[in-house]
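Working notes for the structure below.
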Amino acid sequence: GGIITQTPKFLIGQEGQKLTLKCQQNFNHDTMYWYRQDSGKGLRLIYYSITENDLQKGDLSEGYDASREKKSSFSLTVTSAQKNEMAVFLCASRTGGSYEQYFGPGTRLTVL
Amino acid sequence: GQQVQQSPASLVLQEGENAELQCNFSTSLNSMQWFYQRPGGSLVSLFYNPSGTKQSGRLTSTTVIKERRSSLHISSSQTTDSGTYLCAMPPQVVGQLTFGSGTRLQVYA
């Protein structure tokens with residue numbers, strides 16, 4: 001089996017600050033995802049990547065950048081943190097042969 | 001685009017009762033994934049079920065492709081089953097999951 005790790009678990013930043021969230025997976029999966037989950041709501045896709053150095057925008061990409069420099073890691077940057085984007089950010093991955101996705105434990109973002 | 005209708009939105013049970021959660025899809029269905037989430041917790045995959053019925057302990061998932069629906073049955077519920085259950089469907093081309101809005105389950109002793 002494998003695991004997805006996300007760092008940090010809790011991220012606190014100031015409004016307007018640039019913040020980076022990291023995700024690592026050892027499944028050797030091709031595709032990785034970043035989702036945002038607002039309190040009491042469903043998940044929305046921010047970015048995904050089908051292979052190293054590939055980036056694809058999701059429905060919620062505005063205000064975010066992403067980076068996939070290695071197959072095993074996928075970073076998400078909040079370019080200018082806003083109070084209305086306090087949420088849990090979830091990283092996920094899947095192999096090319098299946099649609100099944102595996103999720104990391106999440107990073108909870110608080111903006112002061 | 002794809003739409004997922006999940007029901008019920010919330011459910012309250014006495015320990016020992018059974019639960020039936022449903023997801024219906026507006027477009028053709030190719031597979032289904034069910035997740036469990038505790039408040040403040042991450043998503044735990046319960047089933048990846050392209051079609052037919054799968055069982056794991058007290059949980060049973062049934063996906064009927066041609067009827068565009070999937071269900072999750074919880075038998076003999078326990079207080080530890082409390083949390084949110086989410087269904088999700090990938091699109092036809094790239095694996096971006098489309099999530100239902102979730103069922104919030106509360107089981108009392």
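Naming works like this for the structure tokens: A, B, ... for the chains as they're shown, residue 1 at the start of each chain, ligands 1 onward in shown order.
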* **Residues within 9 Å of region 39-54 of chain B, only C-alpha atoms, excluding chain neighbours under 3 positions, as a ChimeraX atom specification** => /A:39,88,90,99-106,108 /B:29-36,59-65,70,83-84,86
* Asked: Could you name the residues that touch region 77-81 of chain B at 9 Å or less, counting only C-alpha atoms, but leaving out those on the same chain fewer than 6 positions away, as a list in words?
  -> Leu13, Gln14, Glu15, Gly16, Glu17, Asn18, Ala19, Tyr36, Arg58, Leu105, Gln106, Val107, Tyr108 and Ala109 of chain B
Filtering to all heavy atoms, could you give me those residues as a short mmCIF file (atom, residue, chain, number, x, y, z; two decimals), in the first residue's frame?
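Just written: result.cif:
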```
data_model
loop_
_atom_site.label_atom_id
_atom_site.label_comp_id
_atom_site.auth_asym_id
_atom_site.auth_seq_id
_atom_site.Cartn_x
_atom_site.Cartn_y
_atom_site.Cartn_z
N LEU B 13 -30.31 8.13 13.27
CA LEU B 13 -30.69 6.75 13.54
C LEU B 13 -30.41 6.39 15.00
O LEU B 13 -29.52 6.96 15.65
CB LEU B 13 -29.88 5.79 12.67
CG LEU B 13 -30.02 5.88 11.16
CD1 LEU B 13 -29.05 4.91 10.49
CD2 LEU B 13 -31.45 5.57 10.74
N GLN B 14 -31.16 5.41 15.45
CA GLN B 14 -30.86 4.77 16.72
C GLN B 14 -29.87 3.65 16.41
O GLN B 14 -29.95 3.00 15.36
CB GLN B 14 -32.16 4.17 17.29
CG GLN B 14 -32.09 3.76 18.74
CD GLN B 14 -32.40 4.92 19.67
OE1 GLN B 14 -33.19 5.79 19.32
NE2 GLN B 14 -31.77 4.94 20.83
N GLU B 15 -28.95 3.43 17.31
CA GLU B 15 -27.97 2.35 17.11
C GLU B 15 -28.70 1.04 16.80
O GLU B 15 -29.67 0.70 17.46
CB GLU B 15 -27.12 2.20 18.37
CG GLU B 15 -25.79 1.52 18.14
CD GLU B 15 -24.86 1.66 19.33
OE1 GLU B 15 -25.35 1.78 20.47
OE2 GLU B 15 -23.64 1.66 19.11
N GLY B 16 -28.21 0.33 15.80
CA GLY B 16 -28.83 -0.93 15.42
C GLY B 16 -29.72 -0.82 14.20
O GLY B 16 -30.00 -1.83 13.53
N GLU B 17 -30.17 0.39 13.87
CA GLU B 17 -31.01 0.57 12.69
C GLU B 17 -30.15 0.55 11.43
O GLU B 17 -28.94 0.79 11.47
CB GLU B 17 -31.78 1.90 12.79
CG GLU B 17 -32.85 1.90 13.86
CD GLU B 17 -33.62 3.21 13.91
OE1 GLU B 17 -33.00 4.28 13.67
OE2 GLU B 17 -34.83 3.17 14.20
N ASN B 18 -30.83 0.32 10.31
CA ASN B 18 -30.14 0.30 9.02
C ASN B 18 -30.29 1.64 8.31
O ASN B 18 -31.23 2.39 8.57
CB ASN B 18 -30.71 -0.80 8.11
CG ASN B 18 -30.54 -2.18 8.71
OD1 ASN B 18 -29.61 -2.43 9.48
ND2 ASN B 18 -31.45 -3.08 8.39
N ALA B 19 -29.36 1.93 7.41
CA ALA B 19 -29.41 3.17 6.63
C ALA B 19 -29.23 2.85 5.15
O ALA B 19 -28.47 1.95 4.78
CB ALA B 19 -28.30 4.12 7.07
N TYR B 36 -16.19 8.27 3.22
CA TYR B 36 -16.65 8.60 4.56
C TYR B 36 -15.75 9.70 5.10
O TYR B 36 -14.52 9.68 4.89
CB TYR B 36 -16.57 7.37 5.46
CG TYR B 36 -16.73 7.65 6.93
CD1 TYR B 36 -17.97 8.01 7.44
CD2 TYR B 36 -15.65 7.60 7.80
CE1 TYR B 36 -18.14 8.28 8.79
CE2 TYR B 36 -15.81 7.88 9.14
CZ TYR B 36 -17.05 8.21 9.63
OH TYR B 36 -17.20 8.49 10.96
N ARG B 58 -20.25 -4.36 7.47
CA ARG B 58 -21.67 -3.96 7.52
C ARG B 58 -22.07 -3.04 6.37
O ARG B 58 -23.21 -2.59 6.30
CB ARG B 58 -21.93 -3.26 8.86
CG ARG B 58 -21.77 -4.17 10.07
CD ARG B 58 -22.05 -3.43 11.38
NE ARG B 58 -21.07 -2.39 11.63
CZ ARG B 58 -21.29 -1.09 11.47
NH1 ARG B 58 -22.46 -0.66 11.06
NH2 ARG B 58 -20.35 -0.22 11.76
N LEU B 105 -24.81 11.67 8.62
CA LEU B 105 -25.42 10.62 9.43
C LEU B 105 -25.06 10.80 10.89
O LEU B 105 -23.90 11.00 11.24
CB LEU B 105 -24.93 9.24 8.94
CG LEU B 105 -25.37 8.04 9.76
CD1 LEU B 105 -26.87 7.85 9.68
CD2 LEU B 105 -24.66 6.77 9.29
N GLN B 106 -26.08 10.72 11.74
CA GLN B 106 -25.88 10.76 13.19
C GLN B 106 -26.53 9.53 13.79
O GLN B 106 -27.71 9.30 13.59
CB GLN B 106 -26.50 12.03 13.78
CG GLN B 106 -26.24 12.21 15.26
CD GLN B 106 -24.80 12.60 15.56
OE1 GLN B 106 -24.26 13.53 14.97
NE2 GLN B 106 -24.19 11.88 16.47
N VAL B 107 -25.74 8.73 14.48
CA VAL B 107 -26.26 7.52 15.12
C VAL B 107 -26.16 7.69 16.63
O VAL B 107 -25.08 7.95 17.17
CB VAL B 107 -25.46 6.28 14.69
CG1 VAL B 107 -26.07 5.03 15.33
CG2 VAL B 107 -25.44 6.15 13.17
N TYR B 108 -27.31 7.54 17.31
CA TYR B 108 -27.36 7.69 18.76
C TYR B 108 -27.43 6.34 19.44
O TYR B 108 -28.05 5.41 18.93
CB TYR B 108 -28.57 8.53 19.17
CG TYR B 108 -28.44 9.98 18.81
CD1 TYR B 108 -29.02 10.50 17.65
CD2 TYR B 108 -27.72 10.85 19.62
CE1 TYR B 108 -28.89 11.82 17.31
CE2 TYR B 108 -27.58 12.18 19.30
CZ TYR B 108 -28.17 12.67 18.13
OH TYR B 108 -28.03 13.99 17.81
N ALA B 109 -26.82 6.28 20.61
CA ALA B 109 -26.84 5.03 21.41
C ALA B 109 -28.22 4.79 22.02
O ALA B 109 -28.99 5.72 22.20
CB ALA B 109 -25.79 5.11 22.51
#
```
Distance table requested - chain A against chain B, cut-off 12 Å, only C-alpha atoms: one row per qualifying residue with the closest atom pair and its distance in Å to one decimal, ordered by chain and rising residue number, as CSV.
```
residue,atom,partner,partner_atom,distance
A:Ile4,CA,B:Ser42,CA,11.2
A:Thr5,CA,B:Ser42,CA,11.4
A:Gln6,CA,B:Ser42,CA,11.0
A:Lys9,CA,B:Gly41,CA,11.0
A:Phe10,CA,B:Gly40,CA,11.4
A:Asp30,CA,B:Gly95,CA,11.1
A:Thr31,CA,B:Gly95,CA,8.3
A:Met32,CA,B:Gly95,CA,9.6
A:Tyr33,CA,B:Gln96,CA,8.1
A:Trp34,CA,B:Gln96,CA,10.2
A:Tyr35,CA,B:Leu97,CA,9.9
A:Arg36,CA,B:Ser42,CA,11.7
A:Gln37,CA,B:Ser42,CA,10.2
A:Asp38,CA,B:Gly40,CA,10.8
A:Ser39,CA,B:Gly40,CA,8.9
A:Gly40,CA,B:Pro39,CA,9.1
A:Lys41,CA,B:Ser101,CA,6.8
A:Gly42,CA,B:Ser101,CA,5.4
A:Leu43,CA,B:Phe99,CA,6.7
A:Arg44,CA,B:Phe99,CA,8.4
A:Leu45,CA,B:Gln96,CA,7.6
A:Ile46,CA,B:Gln96,CA,10.4
A:Tyr47,CA,B:Gln96,CA,9.8
A:Tyr48,CA,B:Gln96,CA,8.2
A:Ser49,CA,B:Val94,CA,10.4
A:Ile50,CA,B:Val94,CA,8.8
A:Gln56,CA,B:Val94,CA,10.6
A:Lys57,CA,B:Gln96,CA,11.0
A:Gly58,CA,B:Gln96,CA,8.7
A:Asp59,CA,B:Gln96,CA,10.6
A:Ala87,CA,B:Gly40,CA,10.3
A:Val88,CA,B:Gly40,CA,8.3
A:Phe89,CA,B:Ser42,CA,9.7
A:Leu90,CA,B:Ser42,CA,7.6
A:Cys91,CA,B:Ser42,CA,9.8
A:Ala92,CA,B:Leu43,CA,9.6
A:Ser93,CA,B:Gly95,CA,9.6
A:Arg94,CA,B:Gly95,CA,8.1
A:Thr95,CA,B:Gly95,CA,9.7
A:Gly96,CA,B:Gly95,CA,9.0
A:Gly97,CA,B:Gly95,CA,10.4
A:Ser98,CA,B:Gly95,CA,8.5
A:Tyr99,CA,B:Gly95,CA,5.6
A:Glu100,CA,B:Tyr48,CA,6.1
A:Gln101,CA,B:Ser45,CA,8.0
A:Tyr102,CA,B:Ser45,CA,7.0
A:Phe103,CA,B:Leu43,CA,6.0
A:Gly104,CA,B:Ser42,CA,6.7
A:Pro105,CA,B:Ser42,CA,4.8
A:Gly106,CA,B:Ser42,CA,6.0
A:Thr107,CA,B:Ser42,CA,9.4
A:Arg108,CA,B:Gly40,CA,8.7
A:Leu109,CA,B:Gly40,CA,12.0
```
* Asked: Got a sec: who's within 6 Å of Cys23 (chain B), counting only C-alpha atoms, leaving out chain neighbours fewer than 6 positions off, as a ChimeraX atom specification?
  -> /B:5-6,69-70
How would the residues just chosen look if you wrote them out with N, CA, C and O atoms as a PDB file, in the first residue's frame?
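After the write, result.pdb holds the following:
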```
ATOM      1  N   GLN B   5     -27.112  13.922  -7.542  1.00  0.00           N
ATOM      2  CA  GLN B   5     -28.124  14.169  -6.503  1.00  0.00           C
ATOM      3  C   GLN B   5     -27.935  13.110  -5.432  1.00  0.00           C
ATOM      4  O   GLN B   5     -28.081  11.913  -5.718  1.00  0.00           O
ATOM      5  N   GLN B   6     -27.633  13.549  -4.205  1.00  0.00           N
ATOM      6  CA  GLN B   6     -27.415  12.604  -3.115  1.00  0.00           C
ATOM      7  C   GLN B   6     -28.503  12.788  -2.083  1.00  0.00           C
ATOM      8  O   GLN B   6     -28.858  13.922  -1.723  1.00  0.00           O
ATOM      9  N   ARG B  69     -27.543   5.148 -11.039  1.00  0.00           N
ATOM     10  CA  ARG B  69     -27.666   5.307  -9.596  1.00  0.00           C
ATOM     11  C   ARG B  69     -26.722   4.368  -8.860  1.00  0.00           C
ATOM     12  O   ARG B  69     -26.287   3.338  -9.382  1.00  0.00           O
ATOM     13  N   SER B  70     -26.427   4.777  -7.627  1.00  0.00           N
ATOM     14  CA  SER B  70     -25.625   3.956  -6.743  1.00  0.00           C
ATOM     15  C   SER B  70     -26.157   4.140  -5.327  1.00  0.00           C
ATOM     16  O   SER B  70     -26.647   5.226  -4.979  1.00  0.00           O
TER      17      SER B  70
END
```
* To do: Just the residues within 10 Å of Ser67 (chain A), please, counting only C-alpha atoms, with nothing from its chain fewer than 6 positions along; format it as a ChimeraX atom specification.
  => /A:22,47-49,52-55,73-77
What does the file look like for those residues with N, CA and C atoms, as a compact mmCIF listing (two decimals), in the first residue's frame?
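As a result, result_30.txt now contains:
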```txt
# COMPACT_ATOMS: atom_id res chain seq x y z
N LYS A 22 1.85 21.59 0.51
CA LYS A 22 2.59 20.52 -0.17
C LYS A 22 1.89 19.17 -0.02
N TYR A 47 -6.81 22.46 -9.08
CA TYR A 47 -5.87 22.09 -10.12
C TYR A 47 -5.70 20.58 -10.13
N TYR A 48 -5.30 20.05 -11.30
CA TYR A 48 -4.85 18.68 -11.34
C TYR A 48 -3.69 18.56 -12.31
N SER A 49 -3.01 17.42 -12.24
CA SER A 49 -1.82 17.21 -13.05
C SER A 49 -1.78 15.74 -13.46
N GLU A 52 4.28 14.52 -14.46
CA GLU A 52 5.27 15.50 -14.04
C GLU A 52 5.28 16.70 -15.00
N ASN A 53 5.31 17.90 -14.42
CA ASN A 53 5.36 19.17 -15.16
C ASN A 53 4.08 19.51 -15.92
N ASP A 54 3.03 18.70 -15.76
CA ASP A 54 1.75 19.03 -16.37
C ASP A 54 0.85 19.72 -15.35
N LEU A 55 0.09 20.73 -15.79
CA LEU A 55 -0.87 21.40 -14.92
C LEU A 55 -2.15 21.64 -15.70
N SER A 73 5.22 14.54 -6.10
CA SER A 73 4.81 15.70 -5.31
C SER A 73 4.03 16.71 -6.14
N PHE A 74 3.11 17.38 -5.45
CA PHE A 74 2.24 18.37 -6.10
C PHE A 74 2.02 19.48 -5.10
N SER A 75 2.44 20.69 -5.43
CA SER A 75 2.31 21.82 -4.51
C SER A 75 1.23 22.77 -4.99
N LEU A 76 0.60 23.41 -4.03
CA LEU A 76 -0.43 24.41 -4.33
C LEU A 76 -0.05 25.70 -3.63
N THR A 77 -0.10 26.82 -4.35
CA THR A 77 0.20 28.12 -3.77
C THR A 77 -1.03 29.00 -3.81
```
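For the atom pair formed by CA of Thr79 (chain A) and CA of Leu112 (chain A), the distance is 15.3 Å, given to one decimal.
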* Expected answer as a VMD selection string: strand (DSSP E) residues in chain A -> chain A and resid 4 to 7 10 to 13 19 to 25 31 to 37 43 to 49 56 to 57 64 to 70 73 to 78 88 to 94 102 to 103 107 to 111
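Separating CA of Ala9 (chain B) from CA of Gln55 (chain B) is a distance of 23.1 Å.
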